[in-house]
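**Student:** Have a peek at model_31.cif (mmCIF, C-alpha atoms).
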data_structure
#
loop_
_atom_site.group_PDB
_atom_site.id
_atom_site.type_symbol
_atom_site.label_atom_id
_atom_site.label_comp_id
_atom_site.auth_asym_id
_atom_site.auth_seq_id
_atom_site.Cartn_x
_atom_site.Cartn_y
_atom_site.Cartn_z
ATOM 1 C CA MET A 112 3.344 12.698 11.811
ATOM 2 C CA MET A 113 5.155 10.667 14.447
ATOM 3 C CA ASN A 114 4.335 7.222 15.756
ATOM 4 C CA ASN A 115 5.887 5.014 18.419
ATOM 5 C CA SER A 116 3.777 1.881 17.961
ATOM 6 C CA GLY A 117 5.918 0.179 15.325
ATOM 7 C CA THR A 118 7.413 -3.229 15.970
ATOM 8 C CA ILE A 119 10.327 -2.030 13.849
ATOM 9 C CA THR A 120 11.276 1.405 12.533
ATOM 10 C CA SER A 121 13.849 1.639 9.745
ATOM 11 C CA TYR A 122 15.591 4.957 9.033
ATOM 12 C CA PRO A 123 18.786 4.102 7.083
ATOM 13 C CA ASP A 124 19.062 4.089 3.296
ATOM 14 C CA ASN A 125 20.205 1.048 1.302
ATOM 15 C CA ILE A 126 18.435 -1.640 3.327
ATOM 16 C CA LEU A 127 17.691 -5.160 2.125
ATOM 17 C CA ALA A 128 15.557 -7.414 4.335
ATOM 18 C CA LYS A 129 14.867 -10.997 3.327
ATOM 19 C CA GLY A 130 12.590 -13.607 4.864
ATOM 20 C CA ILE A 131 11.691 -11.603 8.003
ATOM 21 C CA THR A 132 8.239 -11.494 9.638
ATOM 22 C CA PHE A 133 7.129 -8.210 11.216
ATOM 23 C CA LYS A 134 4.046 -8.422 13.444
ATOM 24 C CA ASN A 135 2.032 -6.169 15.761
ATOM 25 C CA THR A 136 -0.739 -7.951 17.670
ATOM 26 C CA HIS A 137 -1.925 -4.961 19.726
ATOM 27 C CA ASN A 138 -5.448 -4.935 18.228
ATOM 28 C CA ILE A 139 -5.770 -8.681 17.877
ATOM 29 C CA PRO A 140 -8.333 -9.479 19.109
ATOM 30 C CA PRO A 141 -9.682 -5.903 19.107
ATOM 31 C CA ILE A 142 -11.099 -4.280 22.230
ATOM 32 C CA PHE A 143 -14.733 -3.419 21.595
ATOM 33 C CA GLU A 144 -14.640 0.203 22.623
ATOM 34 C CA ASP A 145 -14.775 3.450 20.656
ATOM 35 C CA PRO A 146 -12.734 3.305 18.525
ATOM 36 C CA PRO A 147 -12.669 -0.498 18.369
ATOM 37 C CA VAL A 148 -9.127 -0.611 16.955
ATOM 38 C CA MET A 149 -6.113 1.659 17.244
ATOM 39 C CA GLN A 150 -3.026 2.382 15.175
ATOM 40 C CA ALA A 151 -0.502 -0.403 15.688
ATOM 41 C CA LEU A 152 2.323 -0.643 13.152
ATOM 42 C CA ALA A 153 4.225 -3.772 12.278
ATOM 43 C CA ALA A 154 6.828 -1.740 10.382
ATOM 44 C CA GLU A 155 7.673 1.895 9.681
ATOM 45 C CA ILE A 156 10.003 2.427 6.713
ATOM 46 C CA HIS A 157 11.701 5.805 6.220
ATOM 47 C CA GLY A 158 14.976 5.166 4.412
ATOM 48 C CA ASP A 159 15.493 5.588 0.686
ATOM 49 C CA LYS A 160 16.520 2.618 -1.470
ATOM 50 C CA SER A 161 14.958 -0.097 0.717
ATOM 51 C CA VAL A 162 14.111 -3.602 -0.510
ATOM 52 C CA PHE A 163 11.968 -6.203 1.251
ATOM 53 C CA TYR A 164 12.072 -9.683 -0.252
ATOM 54 C CA GLU A 165 9.859 -12.556 0.934
ATOM 55 C CA CYS A 166 8.992 -10.658 4.121
ATOM 56 C CA SER A 167 5.661 -10.736 5.985
ATOM 57 C CA PHE A 168 3.834 -7.905 7.715
ATOM 58 C CA TYR A 169 0.936 -8.661 10.104
ATOM 59 C CA GLY A 170 -1.384 -6.211 11.834
ATOM 60 C CA LEU A 171 -4.921 -4.841 11.809
ATOM 61 C CA GLN A 172 -4.793 -1.041 11.578
ATOM 62 C CA ASP A 173 -1.847 0.663 9.833
ATOM 63 C CA THR A 174 0.236 -2.500 9.476
ATOM 64 C CA LEU A 175 2.878 -1.047 7.145
ATOM 65 C CA TRP A 176 3.790 2.624 7.234
ATOM 66 C CA ASP A 177 5.521 2.988 3.885
ATOM 67 C CA THR A 178 6.655 6.397 4.954
ATOM 68 C CA THR A 179 9.119 8.078 2.595
ATOM 69 C CA GLY A 180 11.776 7.151 0.059
ATOM 70 C CA ARG A 181 11.933 4.661 -2.789
ATOM 71 C CA HIS A 182 11.036 1.104 -1.794
ATOM 72 C CA TYR A 183 10.583 -2.244 -3.492
ATOM 73 C CA PHE A 184 8.569 -5.097 -1.976
ATOM 74 C CA HIS A 185 8.933 -8.451 -3.753
ATOM 75 C CA LYS A 186 7.022 -11.651 -2.913
ATOM 76 C CA CYS A 187 5.915 -10.191 0.415
ATOM 77 C CA TYR A 188 2.787 -10.952 2.458
ATOM 78 C CA ILE A 189 0.954 -7.979 3.966
ATOM 79 C CA GLU A 190 -2.105 -8.430 6.196
ATOM 80 C CA GLY A 191 -4.430 -5.942 7.844
ATOM 81 C CA GLY A 192 -7.850 -4.367 7.899
ATOM 82 C CA ILE A 193 -7.722 -0.559 8.052
ATOM 83 C CA ASP A 194 -5.310 1.611 6.023
ATOM 84 C CA PHE A 195 -2.851 -1.220 6.380
ATOM 85 C CA ILE A 196 -0.498 0.017 3.655
ATOM 86 C CA PHE A 197 -0.163 3.762 4.122
ATOM 87 C CA GLY A 198 2.308 6.597 3.733
ATOM 88 C CA TYR A 199 4.026 8.901 1.270
ATOM 89 C CA ALA A 200 6.684 6.635 -0.264
ATOM 90 C CA GLN A 201 7.453 5.877 -3.901
ATOM 91 C CA SER A 202 7.043 2.102 -3.912
ATOM 92 C CA ILE A 203 6.487 -0.929 -6.106
ATOM 93 C CA TYR A 204 4.847 -4.039 -4.650
ATOM 94 C CA GLU A 205 5.522 -6.906 -7.048
ATOM 95 C CA ASP A 206 4.228 -10.465 -6.796
ATOM 96 C CA CYS A 207 2.945 -9.742 -3.285
ATOM 97 C CA THR A 208 -0.041 -11.166 -1.418
ATOM 98 C CA ILE A 209 -2.284 -8.530 0.145
ATOM 99 C CA SER A 210 -4.689 -10.053 2.670
ATOM 100 C CA VAL A 211 -7.657 -8.289 4.291
ATOM 101 C CA ASN A 212 -8.538 -9.588 7.766
ATOM 102 C CA MET A 213 -11.558 -7.394 8.581
ATOM 103 C CA GLY A 214 -13.870 -10.387 8.225
ATOM 104 C CA VAL A 215 -11.993 -12.184 10.977
ATOM 105 C CA TYR A 216 -11.690 -9.399 13.552
ATOM 106 C CA GLU A 217 -14.236 -6.680 12.653
ATOM 107 C CA PRO A 218 -16.778 -8.223 10.235
ATOM 108 C CA GLN A 219 -19.232 -5.357 10.768
ATOM 109 C CA LEU A 220 -16.740 -2.826 9.349
ATOM 110 C CA THR A 221 -15.557 -2.203 5.790
ATOM 111 C CA GLY A 222 -11.784 -1.989 5.582
ATOM 112 C CA TYR A 223 -9.296 0.004 3.526
ATOM 113 C CA ILE A 224 -6.206 -1.553 2.002
ATOM 114 C CA THR A 225 -4.237 1.606 1.184
ATOM 115 C CA ALA A 226 -4.113 5.193 2.407
ATOM 116 C CA ASN A 227 -1.622 7.006 0.225
ATOM 117 C CA GLY A 228 -0.570 10.522 1.185
ATOM 118 C CA ARG A 229 0.909 12.015 -1.993
ATOM 119 C CA GLY A 230 0.647 15.739 -1.391
ATOM 120 C CA SER A 231 1.119 17.604 -4.689
ATOM 121 C CA ALA A 232 1.072 17.265 -8.462
ATOM 122 C CA ARG A 233 4.877 17.557 -8.498
ATOM 123 C CA ASP A 234 5.339 14.724 -6.020
ATOM 124 C CA PRO A 235 6.621 11.593 -7.877
ATOM 125 C CA SER A 236 5.551 9.229 -5.099
ATOM 126 C CA GLY A 237 2.766 6.646 -5.064
ATOM 127 C CA PHE A 238 2.043 2.968 -4.486
ATOM 128 C CA VAL A 239 2.225 0.572 -7.449
ATOM 129 C CA PHE A 240 0.919 -2.989 -7.114
ATOM 130 C CA LYS A 241 2.155 -5.206 -9.920
ATOM 131 C CA SER A 242 1.208 -8.876 -10.411
ATOM 132 C CA CYS A 243 -0.151 -9.098 -6.869
ATOM 133 C CA ARG A 244 -2.970 -11.070 -5.259
ATOM 134 C CA ILE A 245 -5.560 -9.175 -3.220
ATOM 135 C CA GLY A 246 -7.871 -11.304 -1.092
ATOM 136 C CA GLY A 247 -8.689 -12.254 2.461
ATOM 137 C CA SER A 248 -11.826 -12.075 4.587
ATOM 138 C CA GLY A 249 -14.535 -9.421 4.816
ATOM 139 C CA LYS A 250 -14.910 -6.375 2.591
ATOM 140 C CA ALA A 251 -12.528 -3.532 1.858
ATOM 141 C CA TYR A 252 -11.882 -0.593 -0.422
ATOM 142 C CA LEU A 253 -8.688 -0.732 -2.446
ATOM 143 C CA GLY A 254 -7.804 2.602 -0.924
ATOM 144 C CA ARG A 255 -8.842 5.956 0.442
ATOM 145 C CA ALA A 256 -7.174 9.291 -0.110
ATOM 146 C CA TRP A 257 -4.932 10.373 2.741
ATOM 147 C CA ALA A 258 -4.074 13.534 0.797
ATOM 148 C CA ALA A 259 -5.419 15.498 -2.155
ATOM 149 C CA TYR A 260 -3.093 13.900 -4.745
ATOM 150 C CA SER A 261 -3.220 10.323 -3.489
ATOM 151 C CA ARG A 262 -1.822 7.836 -6.056
ATOM 152 C CA VAL A 263 -2.303 4.042 -6.173
ATOM 153 C CA ILE A 264 -1.915 1.896 -9.291
ATOM 154 C CA ILE A 265 -2.931 -1.772 -9.472
ATOM 155 C CA ALA A 266 -1.928 -3.668 -12.610
ATOM 156 C CA ASN A 267 -1.937 -7.279 -13.812
ATOM 157 C CA SER A 268 -3.171 -8.472 -10.433
ATOM 158 C CA VAL A 269 -5.865 -10.832 -9.130
ATOM 159 C CA LEU A 270 -8.572 -9.218 -7.010
ATOM 160 C CA SER A 271 -11.011 -11.365 -5.028
ATOM 161 C CA ASP A 272 -14.542 -10.371 -4.026
ATOM 162 C CA VAL A 273 -13.120 -8.884 -0.827
ATOM 163 C CA VAL A 274 -12.959 -5.659 -2.898
ATOM 164 C CA VAL A 275 -16.134 -3.566 -2.699
ATOM 165 C CA PRO A 276 -17.645 -2.610 -6.087
ATOM 166 C CA LEU A 277 -16.895 1.130 -5.686
ATOM 167 C CA GLY A 278 -13.240 0.258 -5.219
ATOM 168 C CA TRP A 279 -12.030 3.617 -3.900
ATOM 169 C CA ASP A 280 -12.934 6.296 -1.372
ATOM 170 C CA SER A 281 -12.023 10.004 -1.618
ATOM 171 C CA TRP A 282 -12.312 10.256 2.208
ATOM 172 C CA ASN A 283 -11.888 13.962 3.091
ATOM 173 C CA TYR A 284 -11.087 15.032 -0.470
ATOM 174 C CA GLY A 285 -14.423 14.675 -2.234
ATOM 175 C CA LYS A 286 -14.089 18.146 -3.773
ATOM 176 C CA GLU A 287 -10.630 17.371 -5.140
ATOM 177 C CA VAL A 288 -11.146 14.012 -6.819
ATOM 178 C CA ARG A 289 -9.786 15.377 -10.096
ATOM 179 C CA ASN A 290 -6.335 15.302 -8.466
ATOM 180 C CA ILE A 291 -6.569 11.776 -7.060
ATOM 181 C CA GLU A 292 -4.853 9.175 -9.228
ATOM 182 C CA TYR A 293 -6.298 5.708 -8.734
ATOM 183 C CA VAL A 294 -5.679 3.336 -11.626
ATOM 184 C CA GLU A 295 -6.608 -0.285 -12.326
ATOM 185 C CA TYR A 296 -5.262 -2.048 -15.396
ATOM 186 C CA ASN A 297 -5.626 -5.591 -16.731
ATOM 187 C CA ASN A 298 -6.663 -7.141 -13.438
ATOM 188 C CA SER A 299 -8.702 -10.329 -13.033
ATOM 189 C CA GLY A 300 -10.801 -12.077 -10.401
ATOM 190 C CA ALA A 301 -14.213 -11.621 -8.825
ATOM 191 C CA GLY A 302 -13.349 -8.179 -7.479
ATOM 192 C CA ALA A 303 -11.683 -6.780 -10.599
ATOM 193 C CA GLY A 304 -14.762 -5.563 -12.448
ATOM 194 C CA THR A 305 -14.712 -1.789 -12.892
ATOM 195 C CA SER A 306 -18.282 -1.115 -14.063
ATOM 196 C CA HIS A 307 -19.312 0.075 -10.596
ATOM 197 C CA ARG A 308 -16.086 1.837 -9.667
ATOM 198 C CA VAL A 309 -16.032 5.509 -8.672
ATOM 199 C CA PRO A 310 -16.409 7.652 -11.819
ATOM 200 C CA TRP A 311 -13.249 9.621 -11.071
ATOM 201 C CA MET A 312 -10.930 6.604 -11.325
ATOM 202 C CA LYS A 313 -8.172 7.340 -13.842
ATOM 203 C CA LYS A 314 -7.181 5.334 -16.929
ATOM 204 C CA LEU A 315 -3.582 4.703 -17.923
ATOM 205 C CA SER A 316 -2.023 2.396 -20.510
ATOM 206 C CA GLY A 317 1.024 2.092 -22.720
ATOM 207 C CA PRO A 318 4.037 4.314 -21.912
ATOM 208 C CA ALA A 319 2.047 6.348 -19.370
ATOM 209 C CA LEU A 320 1.418 3.183 -17.342
ATOM 210 C CA ARG A 321 4.897 1.699 -17.846
ATOM 211 C CA LYS A 322 6.328 4.847 -16.291
ATOM 212 C CA PHE A 323 5.045 3.443 -12.997
ATOM 213 C CA THR A 324 5.155 -0.336 -13.460
ATOM 214 C CA ASP A 325 8.713 -0.463 -14.754
ATOM 215 C CA ILE A 326 11.381 -0.971 -12.097
ATOM 216 C CA SER A 327 12.887 2.364 -13.116
ATOM 217 C CA TYR A 328 10.040 4.026 -11.216
ATOM 218 C CA VAL A 329 11.944 3.248 -8.014
ATOM 219 C CA ASP A 330 15.365 2.395 -9.426
ATOM 220 C CA PRO A 331 16.377 4.575 -12.390
ATOM 221 C CA GLU A 332 20.072 4.384 -11.523
ATOM 222 C CA GLY A 333 20.314 0.626 -10.805
ATOM 223 C CA TRP A 334 20.859 0.886 -7.068
ATOM 224 C CA MET A 335 19.257 -2.491 -6.294
ATOM 225 C CA LYS A 336 22.036 -4.335 -8.078
ATOM 226 C CA LYS A 337 24.515 -2.772 -5.689
ATOM 227 C CA LEU A 338 22.842 -4.191 -2.588
ATOM 228 C CA PRO A 339 24.372 -7.269 -0.884
ATOM 229 C CA ASN A 340 22.795 -10.606 -1.751
ATOM 230 C CA TYR A 341 20.918 -9.075 -4.654
ATOM 231 C CA PHE A 342 18.174 -11.452 -5.706
#
As a first step, turn the structure in this file into structure tokens.

**Tutor:**
Amino acid sequence: MMNNSGTITSYPDNILAKGITFKNTHNIPPIFEDPPVMQALAAEIHGDKSVFYECSFYGLQDTLWDTTGRHYFHKCYIEGGIDFIFGYAQSIYEDCTISVNMGVYEPQLTGYITANGRGSARDPSGFVFKSCRIGGSGKAYLGRAWAAYSRVIIANSVLSDVVVPLGWDSWNYGKEVRNIEYVEYNNSGAGAGTSHRVPWMKKLSGPALRKFTDISYVDPEGWMKKLPNYF
């Protein structure tokens, strides 16, 4: 998949960005046609070993293409309405604010926060949200499967009532939900209740969960400490 709509595209490895705002206003306000919004990336991240600290990402559809590689987002703000964190990367989002803006720009539509594209059981990639805040305006699913082995884990986070009760959508992979790995653990807030979640949502705890929430998931060799201005 190629895209040329990104405000910034990052290919190199070993990148640290701090305090930068990335924005794409193409769909804002949206043009009421069919489709009403189009793909418009604020950032496209390809390189391995990339860190974003106190950065902001603004868009409506496909705000952040977390494409490939191992990435760490810390204290970032990410805003959008449709698949606004998507890709195939192996990433941890820690202490980040995830803000849905569908209620502002397209209140008649239900949004999607993530669209993860993990493609096989052997693929180590996935999106991990740790100690984050998920809120905003309107309604949205936590994610929909962009591939048959889509993986998103949300732990120790606060979820507002922006999250729809079902939580997750299998999208085009309804016959393969046994392979989809969507996990919620120890979350709080009005949208954190799991009694009405999709029945195929997975459960992880203990060492099986720490495998993903520990920083070693993206940094087993300690590469972040070698970056300039390490925080």

**Student:** Just say which residues the PyMOL selection byres ((chain A and resi 135) around 8) picks in this file, as number ranges by chain.

**Tutor:** A: 117-118, 133-134, 136-138, 151-153, 169-170, 174

**Student:** Taking the file as shown, what set of residues would the PyMOL selection byres ((chain A and resi 219) around 12) give back, as a list in words?

**Tutor:**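 Checking the PyMOL selection byres ((chain A and resi 219) around 12) against this file, the residues are Phe143, Pro147, Gly192, Asn212, Met213, Gly214, Val215, Tyr216, Glu217, Pro218, Leu220, Thr221, Gly222, Ser248, Gly249, Lys250 and Ala251 of chain A.
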
**Student:** Mind checking which residues fall within 7 Å of Glu205 of chain A, counting all atoms listed in the file, ignoring those fewer than 4 positions away in the same chain, and posting them as a PyMOL selection string?

**Tutor:** chain A and resi 184-186+240-243

**Student:** Please write the residues picked by the PyMOL selection byres ((chain A and resi 338) around 10) on this file as an MDAnalysis selection string.

**Tutor:** chainID A and resid 125:127 160:162 333:337 339:342

**Student:** Using only C-alpha atoms for the distances, tell me which of A:Pro310, A:Gly285, A:Gly230, A:Gly246 is nearest to Ser210 of chain A.

**Tutor:**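 The closest residue to Ser210 of chain A is A:Gly246.
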
**Student:** Atom CA of Ser299 of chain A to atom CA of Asp325 of chain A: how many Å, to one decimal?

**Tutor:**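 Interatomic distance here is 20.1 Å.
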
**Student:** Here is a test: counting all atoms listed in the file, which residue of A:Cys187, A:Val263, A:Ile193, A:Val294 is nearest to Tyr164 of chain A?

**Tutor:**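 Distance minimum relative to Tyr164 of chain A lands on A:Cys187.
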
**Student:** Under the rule that all atoms listed in the file are counted, which of A:Gln150, A:Asn290, A:Ser306, A:Thr179 is the nearest residue to Pro123 of chain A?

**Tutor:**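 Smallest separation from Pro123 of chain A among the options: A:Thr179.
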
**Student:** Rounded to one decimal, what separation in Å do you get between atom CA of Val329 of chain A and atom CA of Gly317 of chain A?

**Tutor:**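 Computing the Euclidean distance for atom CA of Val329 of chain A and atom CA of Gly317 of chain A yields 18.4 Å.
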
**Student:** Excluding same-chain residues fewer than 2 positions from Thr225 of chain A, what lies within 6 Å of it counting all atoms listed in the file, as a list in words?

**Tutor:**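 Listed by chain and then number, they are Asp194, Ile196, Phe197, Tyr223 and Gly254 of chain A.
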
**Student:** If we draw a sphere of 12 Å around (14.8, 4.0, 13.1), which residues have at least one atom in it when counting only C-alpha atoms? Please report them as a list in words.

**Tutor:**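 Output: Met113, Asn114, Asn115, Gly117, Thr118, Ile119, Thr120, Ser121, Tyr122, Pro123, Asp124, Ile126, Ala154, Glu155, Ile156, His157, Gly158 and Thr178 of chain A.
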
**Student:** Could you tell me which of A:Ala319, A:Ala301, A:Leu171, A:Ala128 comes closest to Pro140 of chain A if we count only C-alpha atoms?

**Tutor:**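 Closest residue, counting only C-alpha atoms: A:Leu171.
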
**Student:** Expressed in Å to a single decimal, how great is the separation between atom CA of Arg229 of chain A and atom CA of Ala258 of chain A?

**Tutor:**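 A separation of 5.9 Å between them.
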
**Student:** Give the padded box for segment 158-163 of chain A as lines of an AutoDock Vina configuration file: axis-aligned, covering all atoms listed in the file, 4 Å on each side, centre and edge lengths in Å to one decimal.

**Tutor:**
center_x = 14.2
center_y = -0.3
center_z = 1.5
size_x = 12.6
size_y = 19.8
size_z = 13.9
